[in-house]
Amino acid sequence: MATKRSFSNAVKWSYIATWGEKAFSALFTVVLAAILGPREFGVISIALIYIGFLNMFQDQGLVAALIQKKDLEHEHSDAVFWMNQVLSFVLVGISIALSGWWAARNHAPEVATFISVLSLSIPIEGLTIVQAALLKREMDFRSLSIRSNISVVAGGVVGLGMAFVGFRAWALVGQLFARDIVALALLWKLSHWRPRFEFSWKHLKELLGFSVSNFAAQLGMFADVQASSVILGLLFGPIAVGLYRIADRVANTVVIMAMASVQSVALPEFSRLQRQPDELRKSALACVRLTSVMTLPALAGLAAVSGPLMATIGPQWIPASGVLKLISVLGVAIIFAFFTGPLLQALGKSRQLALLEWARTILGVAGLVVAGILVRNSTVIWQLTGIALSRFVTGGFIVAPVFVYILMRLSGISLRELVESIAPSAIAACSVVGAVFLFQFSGLLAQERPLVLLIVEVAIGGAVGLTVLLSLETQLRTFALGFLQRSFRHRVPSEEVV
């Protein structure tokens, strides 16, 4: 019971962290995108992809190694910390040196200046890696939740303030730095671990044996996720990147808010149960069930309301609505594949994970390049659609089935168990789309402002989807009724006093 409470508590705080962070981040991003427009948003996106790639070399798979290693010693953490400090300054030099080349390749010379400034965020990231990994290992997602929510709000306030004053694209840079500095300060405040002035090659090598393959897998995942934006930048420039990134960011926000919390807890939980096959199967199935409840109706609804949503951000963002539909449907297909990685890591199969990720990446990039060449001389809408269709075909019809099959085989989940676990959520998702479609087909409020349409469609789809889900999902209904009963009991005494 203690371990179950620990897992449930970790999931709860992980959800609080993710929902707070992503909700505020998405809100600030949408407002800033409306102020800036596709080109400036695309310029910063190109710079952030570059910085994000370099930041991966500080992790090198060592975060997963620190979480997964059973007999972790203080010397392991010290070695990773001091290696990151040296490496971060090397990465800053590389970042600045190659910034002009990356800017030229993406048809946006101003990107070089933004990269040079954003490179200063690399050492800040290096100071957080070990503490964050150790908190995850201890499943202390309460501290991580406090840190992420406060830092995102602080960054958003700074970014919006700079945007309204007239700093334009630099507002996004200010937002990033404010968020990272506050996150760093809070992490060091909340974490009890402190580095010692010691470095052990022996202990670092023990971690590298696990982390190298894991890092190769992370590179593959990064390349797969960012390939669409990179190819759009290389072939079409920052406007196409900006339009695509806003759609991808919105869909990704829904996915992360719904499932990233469970995925974060999955690695330490699967690692703990790696020698208990029956418990591992139950845990993996619980992750799949919870993820489907949180994700399928939300992504279906997002696809249904994509038109008024993009129009609400601004008329210049409307071309991204078709991309948002495709990416949302793709998200429905691949969400269950996200647990294959943590399961392989927990079972010590990081090499297999690396091979899988790179096979997926190579296949996906090949499809994107072909699609990019085919639509190179087309309009922006067709360029975006071609790239999104390529991702949809490879991800939905090849990658997702393979990853789900591996998850089922390694965890012992049967096809019947899988179908039964996701059926209520799938039916609820269909009901959301059906309800919104019927409202759109009726033509009611068709002449209203996009924001009004968006609010009404979200309300209709949400009400129908939640009703269907509660009627089919017994566990969710029991939890909701129990929550309402507890809330009512807490409220009764105060009402009697009054």
# chains A, B, ... in the order shown; residues from 1 in each chain; ligands from 1

call {"tool": "residues_around", "arguments": {"residues": "Leu343 (chain A)", "least_positions_apart": "5", "cutoff": "12 Å", "atoms": "only C-alpha atoms", "output": "number ranges by chain"}}
result
A: 64, 68, 263-274, 277, 280-281, 283-285, 287, 336-338, 348-350, 352-353, 403-404, 406-412

call {"tool": "write_last_selection", "arguments": {"atoms": "N, CA and C atoms", "output": "mmCIF file, in the first residue's frame"}}
result
data_model
loop_
_atom_site.group_PDB
_atom_site.id
_atom_site.type_symbol
_atom_site.label_atom_id
_atom_site.label_comp_id
_atom_site.auth_asym_id
_atom_site.auth_seq_id
_atom_site.Cartn_x
_atom_site.Cartn_y
_atom_site.Cartn_z
ATOM 1 N N ALA A 64 18.604 9.571 -16.975
ATOM 2 C CA ALA A 64 17.997 8.243 -16.846
ATOM 3 C C ALA A 64 18.903 7.298 -16.073
ATOM 4 N N GLN A 68 17.828 5.290 -12.792
ATOM 5 C CA GLN A 68 17.698 3.845 -12.913
ATOM 6 C C GLN A 68 18.679 3.058 -12.056
ATOM 7 N N GLN A 263 4.235 9.628 -17.704
ATOM 8 C CA GLN A 263 5.487 9.155 -18.290
ATOM 9 C C GLN A 263 6.679 9.460 -17.384
ATOM 10 N N SER A 264 6.676 10.618 -16.734
ATOM 11 C CA SER A 264 7.771 10.977 -15.837
ATOM 12 C C SER A 264 7.869 10.008 -14.670
ATOM 13 N N VAL A 265 6.720 9.610 -14.148
ATOM 14 C CA VAL A 265 6.695 8.688 -13.016
ATOM 15 C C VAL A 265 6.926 7.250 -13.479
ATOM 16 N N ALA A 266 6.663 6.967 -14.769
ATOM 17 C CA ALA A 266 6.741 5.599 -15.272
ATOM 18 C C ALA A 266 8.146 5.015 -15.158
ATOM 19 N N LEU A 267 9.191 5.798 -15.479
ATOM 20 C CA LEU A 267 10.549 5.251 -15.444
ATOM 21 C C LEU A 267 10.940 4.777 -14.045
ATOM 22 N N PRO A 268 10.849 5.626 -12.996
ATOM 23 C CA PRO A 268 11.180 5.105 -11.667
ATOM 24 C C PRO A 268 10.248 3.993 -11.200
ATOM 25 N N GLU A 269 8.968 4.049 -11.593
ATOM 26 C CA GLU A 269 8.025 3.008 -11.191
ATOM 27 C C GLU A 269 8.333 1.689 -11.905
ATOM 28 N N PHE A 270 8.564 1.730 -13.221
ATOM 29 C CA PHE A 270 8.921 0.515 -13.959
ATOM 30 C C PHE A 270 10.251 -0.048 -13.467
ATOM 31 N N SER A 271 11.196 0.830 -13.143
ATOM 32 C CA SER A 271 12.501 0.373 -12.641
ATOM 33 C C SER A 271 12.331 -0.378 -11.323
ATOM 34 N N ARG A 272 11.452 0.115 -10.473
ATOM 35 C CA ARG A 272 11.212 -0.534 -9.185
ATOM 36 C C ARG A 272 10.583 -1.912 -9.361
ATOM 37 N N LEU A 273 9.789 -2.090 -10.429
ATOM 38 C CA LEU A 273 9.055 -3.335 -10.630
ATOM 39 C C LEU A 273 9.677 -4.232 -11.694
ATOM 40 N N GLN A 274 10.901 -3.927 -12.114
ATOM 41 C CA GLN A 274 11.486 -4.650 -13.246
ATOM 42 C C GLN A 274 11.632 -6.147 -12.991
ATOM 43 N N PRO A 277 7.172 -9.290 -12.770
ATOM 44 C CA PRO A 277 6.451 -9.232 -14.061
ATOM 45 C C PRO A 277 4.964 -8.915 -13.938
ATOM 46 N N LEU A 280 4.510 -5.332 -12.898
ATOM 47 C CA LEU A 280 4.927 -4.477 -14.009
ATOM 48 C C LEU A 280 3.825 -4.392 -15.057
ATOM 49 N N ARG A 281 3.190 -5.541 -15.350
ATOM 50 C CA ARG A 281 2.083 -5.549 -16.317
ATOM 51 C C ARG A 281 0.935 -4.657 -15.837
ATOM 52 N N SER A 283 1.098 -2.157 -13.738
ATOM 53 C CA SER A 283 1.515 -0.757 -13.745
ATOM 54 C C SER A 283 1.485 -0.178 -15.155
ATOM 55 N N ALA A 284 1.999 -0.944 -16.133
ATOM 56 C CA ALA A 284 1.995 -0.474 -17.522
ATOM 57 C C ALA A 284 0.564 -0.294 -18.025
ATOM 58 N N LEU A 285 -0.309 -1.230 -17.666
ATOM 59 C CA LEU A 285 -1.707 -1.126 -18.096
ATOM 60 C C LEU A 285 -2.392 0.068 -17.444
ATOM 61 N N CYS A 287 -0.921 2.841 -16.597
ATOM 62 C CA CYS A 287 -0.409 4.024 -17.295
ATOM 63 C C CYS A 287 -1.143 4.240 -18.611
ATOM 64 N N PHE A 336 0.295 5.985 -26.968
ATOM 65 C CA PHE A 336 0.619 4.782 -26.209
ATOM 66 C C PHE A 336 2.055 4.324 -26.454
ATOM 67 N N ALA A 337 2.637 4.783 -27.554
ATOM 68 C CA ALA A 337 4.026 4.423 -27.830
ATOM 69 C C ALA A 337 4.996 5.125 -26.888
ATOM 70 N N PHE A 338 4.535 6.160 -26.183
ATOM 71 C CA PHE A 338 5.424 6.917 -25.306
ATOM 72 C C PHE A 338 5.916 6.093 -24.113
ATOM 73 N N GLY A 348 16.673 -2.135 -18.748
ATOM 74 C CA GLY A 348 18.074 -2.131 -19.142
ATOM 75 C C GLY A 348 18.305 -2.391 -20.618
ATOM 76 N N LYS A 349 17.296 -2.148 -21.445
ATOM 77 C CA LYS A 349 17.407 -2.400 -22.886
ATOM 78 C C LYS A 349 17.580 -1.080 -23.645
ATOM 79 N N SER A 350 18.558 -0.272 -23.196
ATOM 80 C CA SER A 350 18.750 1.037 -23.813
ATOM 81 C C SER A 350 19.270 0.936 -25.242
ATOM 82 N N GLN A 352 18.447 -1.376 -27.486
ATOM 83 C CA GLN A 352 17.273 -1.629 -28.325
ATOM 84 C C GLN A 352 16.449 -0.367 -28.512
ATOM 85 N N LEU A 353 16.342 0.432 -27.450
ATOM 86 C CA LEU A 353 15.604 1.689 -27.562
ATOM 87 C C LEU A 353 16.286 2.625 -28.544
ATOM 88 N N PHE A 403 5.752 0.250 -31.871
ATOM 89 C CA PHE A 403 6.055 0.586 -30.486
ATOM 90 C C PHE A 403 5.026 0.001 -29.526
ATOM 91 N N VAL A 404 3.762 0.022 -29.927
ATOM 92 C CA VAL A 404 2.723 -0.547 -29.064
ATOM 93 C C VAL A 404 2.897 -2.062 -28.948
ATOM 94 N N ILE A 406 5.711 -3.731 -29.080
ATOM 95 C CA ILE A 406 6.843 -3.974 -28.182
ATOM 96 C C ILE A 406 6.423 -3.745 -26.728
ATOM 97 N N LEU A 407 5.653 -2.693 -26.478
ATOM 98 C CA LEU A 407 5.162 -2.426 -25.127
ATOM 99 C C LEU A 407 4.327 -3.602 -24.611
ATOM 100 N N MET A 408 3.439 -4.110 -25.439
ATOM 101 C CA MET A 408 2.581 -5.229 -25.038
ATOM 102 C C MET A 408 3.406 -6.483 -24.770
ATOM 103 N N ARG A 409 4.383 -6.734 -25.612
ATOM 104 C CA ARG A 409 5.178 -7.953 -25.467
ATOM 105 C C ARG A 409 6.045 -7.919 -24.212
ATOM 106 N N LEU A 410 6.703 -6.781 -23.953
ATOM 107 C CA LEU A 410 7.614 -6.687 -22.811
ATOM 108 C C LEU A 410 6.871 -6.623 -21.481
ATOM 109 N N SER A 411 5.695 -6.007 -21.482
ATOM 110 C CA SER A 411 4.950 -5.862 -20.232
ATOM 111 C C SER A 411 3.962 -6.999 -19.986
ATOM 112 N N GLY A 412 3.680 -7.783 -21.034
ATOM 113 C CA GLY A 412 2.735 -8.886 -20.881
ATOM 114 C C GLY A 412 1.284 -8.494 -21.026
#

call {"tool": "closest_residue", "arguments": {"among": "A:Glu138, A:Glu75, A:Asp248, A:Glu279", "to": "Phe197 (chain A)", "atoms": "only C-alpha atoms"}}
result
A:Glu75

call {"tool": "residues_around", "arguments": {"residues": "region 92-108 of chain A", "least_positions_apart": "4", "cutoff": "6 Å", "atoms": "only C-alpha atoms", "output": "CSV table (one decimal) with C-alpha atoms, in the first residue's frame"}}
result
chain,number,residue,atom,x,y,z
A,112,ALA,CA,22.5,34.3,-35.3
A,116,SER,CA,24.4,34.1,-29.3
A,119,SER,CA,23.6,30.4,-25.6
A,233,GLY,CA,13.3,26.1,-42.0
A,234,LEU,CA,15.9,24.7,-44.4
A,237,GLY,CA,12.3,29.8,-44.0

call {"tool": "residues_around", "arguments": {"residues": "Ala459 (chain A)", "least_positions_apart": "4", "cutoff": "12 Å", "atoms": "only C-alpha atoms", "output": "list in words"}}
result
Gly301, Val305, Val432, Ala435, Val436, Phe439, Val452, Leu453, Leu454, Ile455, Ala463, Val464, Gly465 and Leu466 of chain A

call {"tool": "residues_around", "arguments": {"residues": "Thr394 (chain A)", "least_positions_apart": "2", "cutoff": "10 Å", "atoms": "only C-alpha atoms", "output": "PyMOL selection string"}}
result
chain A and resi 330+360-361+363-368+389-392+396-400

call {"tool": "residues_around", "arguments": {"residues": "region 413-427 of chain A", "least_positions_apart": "2", "cutoff": "6 Å", "atoms": "only C-alpha atoms", "output": "PyMOL selection string"}}
result
chain A and resi 289+292-293+408+411+429-430+472-473

call {"tool": "closest_residue", "arguments": {"among": "A:Ala303, A:Val262, A:His203, A:Ile381", "to": "Ile335 (chain A)", "atoms": "only C-alpha atoms"}}
result
A:Val262

call {"tool": "select_by_dssp", "arguments": {"residues": "region 185-308 of chain A", "states": "alpha helix (DSSP H)", "output": "PyMOL selection string"}}
result
chain A and resi 185-190+201-236+238-255+261-272+277-304+306-308

call {"tool": "residues_around", "arguments": {"residues": "Phe53 (chain A)", "least_positions_apart": "6", "cutoff": "10 Å", "atoms": "only C-alpha atoms", "output": "list in words"}}
result
Leu219, Phe222, Ala223 and Gln226 of chain A

call {"tool": "write_last_selection", "arguments": {"atoms": "N, CA and C atoms", "output": "compact mmCIF listing (two decimals), in the first residue's frame"}}
result
# COMPACT_ATOMS: atom_id res chain seq x y z
N LEU A 219 18.83 11.33 -28.75
CA LEU A 219 19.15 12.06 -29.98
C LEU A 219 18.17 11.69 -31.08
N PHE A 222 14.85 13.35 -30.32
CA PHE A 222 14.92 14.78 -30.60
C PHE A 222 14.85 15.04 -32.11
N ALA A 223 15.63 14.26 -32.85
CA ALA A 223 15.63 14.43 -34.30
C ALA A 223 14.25 14.15 -34.89
N GLN A 226 11.87 17.16 -33.87
CA GLN A 226 12.21 18.46 -34.44
C GLN A 226 12.44 18.43 -35.95

call {"tool": "closest_atom_pairs", "arguments": {"of": "region 160-224 of chain A", "to": "region 37-48 of chain A", "cutoff": "9 Å", "atoms": "only C-alpha atoms", "output": "Markdown table"}}
result
| residue | atom | partner | partner_atom | distance |
| --- | --- | --- | --- | --- |
| A:Arg168 | CA | A:Glu40 | CA | 7.9 |
| A:Ala169 | CA | A:Glu40 | CA | 5.8 |
| A:Trp170 | CA | A:Ile44 | CA | 8.7 |
| A:Leu172 | CA | A:Ile44 | CA | 7.4 |
| A:Val173 | CA | A:Ile44 | CA | 8.0 |

call {"tool": "closest_residue", "arguments": {"among": "A:Leu451, A:Val369, A:Leu54, A:Leu469", "to": "Gly307 (chain A)", "atoms": "only C-alpha atoms"}}
result
A:Leu451

call {"tool": "atom_distance", "arguments": {"atom1": "CA of Ala388 (chain A)", "atom2": "CA of Ala304 (chain A)"}}
result
16.7 Å

call {"tool": "closest_residue", "arguments": {"among": "A:Ser306, A:Ser228, A:Ser25, A:Ser77", "to": "Leu384 (chain A)", "atoms": "only C-alpha atoms"}}
result
A:Ser228

call {"tool": "closest_residue", "arguments": {"among": "A:Glu357, A:Glu206, A:Asp71, A:Asp180", "to": "Glu125 (chain A)", "atoms": "only C-alpha atoms"}}
result
A:Asp180
